[in-house]
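Following: one structure in structure tokens, then a few remarks.
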Amino acid sequence: MTRPDEVVHRRTLRWQDATVLAVHDETPTARTFRLRLPEPHPHLPGQYYVVRLTAPDGYSATRSYSVASAPESSGEIELTVEKLVDGEVSEFLHDVVAPGDELEVRGPIGGFFAWRGDRPALLVGGGSGVVPLMAMLRAARAAGDPDLVRLLVSVRSPADLYYRDEVSGPQTVVVHTRSAPAGDPRGAGRLTAADLAPLVRGGEDVFVCGSPAFCDAATERLIEAGVPTEVIRVERFGPSS
Amino acid sequence: MAVTRGFVGKRRDRDSRLPPGQYDARDEWPVLHAEATPRLDTARWTFTVEGLVEHETTWTWAEIHALPRDRYAGDIHCVTTWSKLDMTFDGVSVDTLLEAAGPLPSATHVVAVSHTGYTTNLPLADVTGGKAWVVWDAQGQPLTTEHGGPARLLVPHLYFWKSAKWVSGLRLLDHDEPGFWERNGYHDRGDPWREQRYQGDE
């Protein structure tokens with residue numbers, strides 16, 4: 001499962017106070033926060049940051065959020081946060097945090113579910129699982145090599161699609177499981193191997209991200225579509241509110 | 001640490017069994033692993049203790065079940081911030097397995113290896129003295145594949161990535177050798193009470 005080229009430099013990650021520069025909504029339940037880091041570290045698409053909230057009495061809560069943006073020379077990052085019901089951290093980020101606030105963050109973290117930008121990649125995301133994959137698509141486009149990646153996003157309905165204006169393109173397929181837009185010849189239905197097969201080129205790395213149930217189903221469909229198990233990397237978004 | 005403007009937090013009545021930064025997952029048991037979930041047949045399953053031991057020893061599924069049973073009853077803590085309280089796991093103590101293999105005096109660390117190729121490193125002292133198990137039942141039921149069945153390592157006093165799913169053996173070493181998550185930025189020891197989540201945490 002591990003390969004020598006995946007070994008990343010083991011360095012100390014410090015907490016730093018990021019400044020919220022801007023917020024905008026992706027969907028009614030997903031919001032993106034643009035942060036400026038005092039000590040920027042270039043991230044790899046797919047990596048994440050930990051956000052720590054601290055109350056006046058010292059009580060703290062931490063959660064991990066994937067970076068949605070491509071690495072930028074500005075040292076700024078974007079995190080997209082899904083608002084979970086009764087989510088202690090995600091509700092606070094959605095309901096309270098505004099531009100000008102400071103947030104304690106730590107990262108970038110994760111060397112396994114990271115794309116180094118040098119090999120073809122097939123990206124398969126369910127719902128909010130598109131976030132780290134969007135960083136990969138954006139990085140490929142920014143590098144002038146958009147064809148290096150193929151992206152399939154599975155969403156329940158058109159309203160659930162993150163990055164709607166940006167995600168579409170010749171490298172991207174959007175699959176709707178509950179309701180499809182009028183005129184979509186595929187219609188609504190669960191992800192099938194036939195959805196994935198046209199995107200499989202052979203020899204690529206495969207990144208799957210979403211809920212555990214989505215990841216397991218997508219992995220099985222990928223294997224049916226001829227993808228070898230050992231090239232599939234999975235990031236399961238748990239109920240980490 | 002800096003106070004976050006406007007944050008008071010929701011979970012005020014913290015159970016004292018929760019380490020810092022953890023929440024009680026209650027009925028949820030989140031699943032997290034980086035590889036595709038494998039299918040392992042107990043008819044071909046083995047567990048091996050190797051490396052710096054007097055006798056490299058391998059058990060089949062039937063043989064490991066013939067060893068004296070041991071139970072862990074208590075809490076588990078995942079680095080992704082969930083904890084589960086009052087769990088029970090049944091299996092065999094790692095002490096029993098090491099006793100059969102006979103660790104050499106030079107052994108100081110172990111690498112737990114999985115049938116998927118996953119590895120994680122631990123000081124030998126963290127898997128001896130009644131602190132670690134190879135388990136196949138959780139809450140009285142066979143461990144499901146998504147939770148590492150047919151058998152996983154259980155080292156509940158450390159973050160749960162140390163409790164390797166689909167464990168296939170322990171390799172004893174005379175040095176520390178970072179495993180899968182440890183090479184990817186996670187802490188070499190992973191004590192939840194000291195919040196040793198990432199490399200560089202003290």
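Every chain in the structure tokens has a letter given in the order shown (A, B, ...), and although residue numbers restart at 1 in each chain, ligands are simply numbered from 1 in the order shown.
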
For Thr88 in chain B, find every residue with an atom within 8 Å (counting only C-alpha atoms), except residues of its own chain fewer than 2 positions away, and show them as a ChimeraX atom specification. /B:71-74,86,90,138-140

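Using only C-alpha atoms, the protein and nucleic acid residues lying no more than 12 Å from Leu67 in chain B, apart from those fewer than 3 places from it along its own chain, are Trp59, Thr60, Trp61, Ala62, Glu63, Ile64, Asp70, Gly91, Val92, Ser93, Val94, Asp95, Thr96, Leu97, Glu99, Ala100 and Val134 of chain B.
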
Near range 104-111 of chain B, counting only C-alpha atoms, which residues have an atom at most 10 Å away, once you skip same-chain residues fewer than 2 positions from it, shown as a VMD selection string? chain B and resid 49 to 55 101 to 102 113 to 114 118 to 127 162 164 169 to 179

Restricting to only C-alpha atoms, whichever of A:Ile109, A:Ile77, A:Leu37, A:Ala197 is closest to chain B is A:Ile109

With distances taken over only C-alpha atoms, the candidate from A:Gly110, A:Pro42, A:Pro158, A:Gly100 nearest chain B is A:Gly110

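One distance worth recording is that between CA of Tyr23 in chain B and CA of Ser64 in chain A, which is 13.8 Å.
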
- Message: Should the cut-off be 10 Å, what would the residue list for chain B against chain A look like, counting only C-alpha atoms, as a ChimeraX atom specification?
- Response: /B:1-12,14,20-23,25,28-38,80-82,116-119,146,179-187,198-201

Write the residues of the selection above to a file with N, CA and C atoms, as a tab-separated table (two decimals), in the first residue's frame.
```
chain	number	residue	atom	x	y	z
B	1	MET	N	-3.61	29.02	24.15
B	1	MET	CA	-4.16	29.13	22.81
B	1	MET	C	-5.14	30.30	22.75
B	2	ALA	N	-5.31	30.80	21.55
B	2	ALA	CA	-6.14	31.99	21.37
B	2	ALA	C	-7.63	31.64	21.49
B	3	VAL	N	-8.36	32.50	22.16
B	3	VAL	CA	-9.82	32.32	22.26
B	3	VAL	C	-10.46	32.71	20.93
B	4	THR	N	-11.42	31.90	20.50
B	4	THR	CA	-12.10	32.16	19.24
B	4	THR	C	-13.30	33.06	19.50
B	5	ARG	N	-13.39	34.17	18.79
B	5	ARG	CA	-14.48	35.12	19.01
B	5	ARG	C	-15.84	34.43	18.93
B	6	GLY	N	-16.61	34.55	19.98
B	6	GLY	CA	-17.99	34.08	19.95
B	6	GLY	C	-18.18	32.60	20.23
B	7	PHE	N	-17.10	31.87	20.45
B	7	PHE	CA	-17.25	30.42	20.63
B	7	PHE	C	-17.38	30.07	22.10
B	8	VAL	N	-18.43	29.35	22.44
B	8	VAL	CA	-18.54	28.85	23.80
B	8	VAL	C	-18.55	27.32	23.81
B	9	GLY	N	-18.96	26.71	22.70
B	9	GLY	CA	-19.00	25.25	22.65
B	9	GLY	C	-20.33	24.74	23.13
B	10	LYS	N	-20.68	23.56	22.65
B	10	LYS	CA	-21.98	22.99	23.00
B	10	LYS	C	-21.87	21.94	24.08
B	11	ARG	N	-20.82	21.15	24.00
B	11	ARG	CA	-20.78	19.96	24.85
B	11	ARG	C	-20.12	20.35	26.17
B	12	ARG	N	-20.92	20.95	27.06
B	12	ARG	CA	-20.36	21.48	28.30
B	12	ARG	C	-20.16	20.40	29.34
B	14	ARG	N	-18.69	17.53	29.95
B	14	ARG	CA	-17.75	16.57	29.40
B	14	ARG	C	-17.56	15.40	30.35
B	20	PRO	N	-8.65	15.22	26.02
B	20	PRO	CA	-8.84	16.56	25.45
B	20	PRO	C	-9.09	16.52	23.95
B	21	GLY	N	-10.04	17.34	23.49
B	21	GLY	CA	-10.30	17.44	22.07
B	21	GLY	C	-11.12	16.30	21.49
B	22	GLN	N	-11.60	15.37	22.34
B	22	GLN	CA	-12.39	14.23	21.85
B	22	GLN	C	-13.87	14.47	22.15
B	23	TYR	N	-14.74	13.86	21.33
B	23	TYR	CA	-16.17	13.88	21.65
B	23	TYR	C	-16.69	12.45	21.70
B	25	ALA	N	-18.83	9.61	20.58
B	25	ALA	CA	-19.54	9.24	19.35
B	25	ALA	C	-20.83	8.47	19.65
B	28	GLU	N	-22.62	5.90	17.29
B	28	GLU	CA	-21.88	5.82	16.03
B	28	GLU	C	-20.55	5.11	16.26
B	29	TRP	N	-20.11	4.38	15.25
B	29	TRP	CA	-18.74	3.89	15.27
B	29	TRP	C	-18.16	4.24	13.90
B	30	PRO	N	-17.62	5.46	13.78
B	30	PRO	CA	-17.15	5.90	12.46
B	30	PRO	C	-16.08	4.96	11.91
B	31	VAL	N	-16.04	4.90	10.60
B	31	VAL	CA	-15.08	4.04	9.91
B	31	VAL	C	-14.07	4.90	9.18
B	32	LEU	N	-12.81	4.62	9.36
B	32	LEU	CA	-11.79	5.40	8.68
B	32	LEU	C	-10.61	4.51	8.35
B	33	HIS	N	-10.37	4.32	7.08
B	33	HIS	CA	-9.10	3.72	6.67
B	33	HIS	C	-8.82	4.18	5.26
B	34	ALA	N	-7.58	4.03	4.87
B	34	ALA	CA	-7.13	4.67	3.63
B	34	ALA	C	-7.18	3.74	2.44
B	35	GLU	N	-7.36	2.46	2.70
B	35	GLU	CA	-7.31	1.51	1.60
B	35	GLU	C	-8.72	0.96	1.35
B	36	ALA	N	-8.89	0.30	0.21
B	36	ALA	CA	-10.15	-0.37	-0.05
B	36	ALA	C	-10.35	-1.45	1.02
B	37	THR	N	-11.60	-1.62	1.48
B	37	THR	CA	-11.88	-2.62	2.51
B	37	THR	C	-11.63	-4.02	1.94
B	38	PRO	N	-10.74	-4.80	2.56
B	38	PRO	CA	-10.41	-6.11	1.98
B	38	PRO	C	-11.42	-7.18	2.39
B	80	THR	N	-9.27	11.31	14.84
B	80	THR	CA	-10.20	12.22	14.16
B	80	THR	C	-11.22	12.82	15.12
B	81	THR	N	-11.03	12.62	16.41
B	81	THR	CA	-11.69	13.27	17.55
B	81	THR	C	-12.92	12.54	18.10
B	82	TRP	N	-13.28	11.38	17.57
B	82	TRP	CA	-14.35	10.65	18.25
B	82	TRP	C	-13.76	9.65	19.24
B	116	THR	N	-3.52	-5.93	4.45
B	116	THR	CA	-3.60	-4.97	3.35
B	116	THR	C	-2.26	-4.30	3.05
B	117	GLY	N	-1.25	-4.54	3.92
B	117	GLY	CA	0.02	-3.83	3.76
B	117	GLY	C	0.15	-2.64	4.70
B	118	TYR	N	-0.94	-2.31	5.40
B	118	TYR	CA	-0.90	-1.23	6.39
B	118	TYR	C	0.10	-1.58	7.49
B	119	THR	N	0.81	-0.56	7.97
B	119	THR	CA	1.72	-0.77	9.09
B	119	THR	C	1.54	0.35	10.10
B	146	GLU	N	-15.45	-3.86	8.03
B	146	GLU	CA	-15.15	-2.42	8.02
B	146	GLU	C	-14.46	-1.97	9.29
B	179	GLY	N	5.34	3.79	10.73
B	179	GLY	CA	4.39	3.05	9.91
B	179	GLY	C	3.70	3.97	8.93
B	180	PHE	N	2.54	3.53	8.46
B	180	PHE	CA	1.85	4.22	7.37
B	180	PHE	C	1.44	5.65	7.73
B	181	TRP	N	0.63	5.83	8.76
B	181	TRP	CA	0.20	7.18	9.11
B	181	TRP	C	1.35	7.98	9.70
B	182	GLU	N	2.24	7.28	10.40
B	182	GLU	CA	3.36	7.99	11.03
B	182	GLU	C	4.26	8.61	9.96
B	183	ARG	N	4.42	7.96	8.80
B	183	ARG	CA	5.19	8.56	7.71
B	183	ARG	C	4.42	9.70	7.07
B	184	ASN	N	3.12	9.72	7.30
B	184	ASN	CA	2.27	10.74	6.70
B	184	ASN	C	1.89	11.82	7.71
B	185	GLY	N	2.74	12.05	8.67
B	185	GLY	CA	2.56	13.22	9.52
B	185	GLY	C	2.00	12.95	10.90
B	186	TYR	N	1.60	11.71	11.17
B	186	TYR	CA	1.02	11.44	12.48
B	186	TYR	C	2.11	11.04	13.47
B	187	HIS	N	1.75	11.15	14.74
B	187	HIS	CA	2.71	11.00	15.83
B	187	HIS	C	3.21	9.55	15.94
B	198	TYR	N	-0.09	14.66	15.90
B	198	TYR	CA	0.77	14.82	14.72
B	198	TYR	C	2.23	14.86	15.14
B	199	GLN	N	3.10	14.62	14.14
B	199	GLN	CA	4.53	14.74	14.35
B	199	GLN	C	4.82	16.10	14.98
B	200	GLY	N	5.61	16.10	16.02
B	200	GLY	CA	5.98	17.37	16.65
B	200	GLY	C	5.16	17.67	17.90
B	201	ASP	N	4.01	16.98	18.09
B	201	ASP	CA	3.28	17.15	19.34
B	201	ASP	C	4.11	16.50	20.46
```

- [ ] Enumerate as a ChimeraX atom specification all residues of range 122-238 of chain A assigned to strand (DSSP E) by DSSP on the backbone, naming them with the chain letters and numbers the document uses.
- [x] /A:122-126,149-155,172-176,205-210,232-236

Residues near range 148-150 of chain B, cut-off 6 Å, only C-alpha atoms, skip fewer than 5 positions along chain, as a compact mmCIF listing (two decimals) with C-alpha atoms, in the first residue's frame:
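Output (selection24.txt):
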```txt
# COMPACT_ATOMS: atom_id res chain seq x y z
CA TRP B 136 -12.09 -10.75 16.83
CA LEU B 143 -15.76 -7.88 14.28
CA LYS B 165 -7.26 -3.35 11.23
CA TRP B 166 -6.94 -6.74 9.45
```

Using only C-alpha atoms, which protein or nucleic acid residues come within 8 Å of Gly127 in chain A? Drop anything in the same chain fewer than 3 positions from it, and give the result as number ranges by chain.
A: 130, 153-156, 160-162, 210
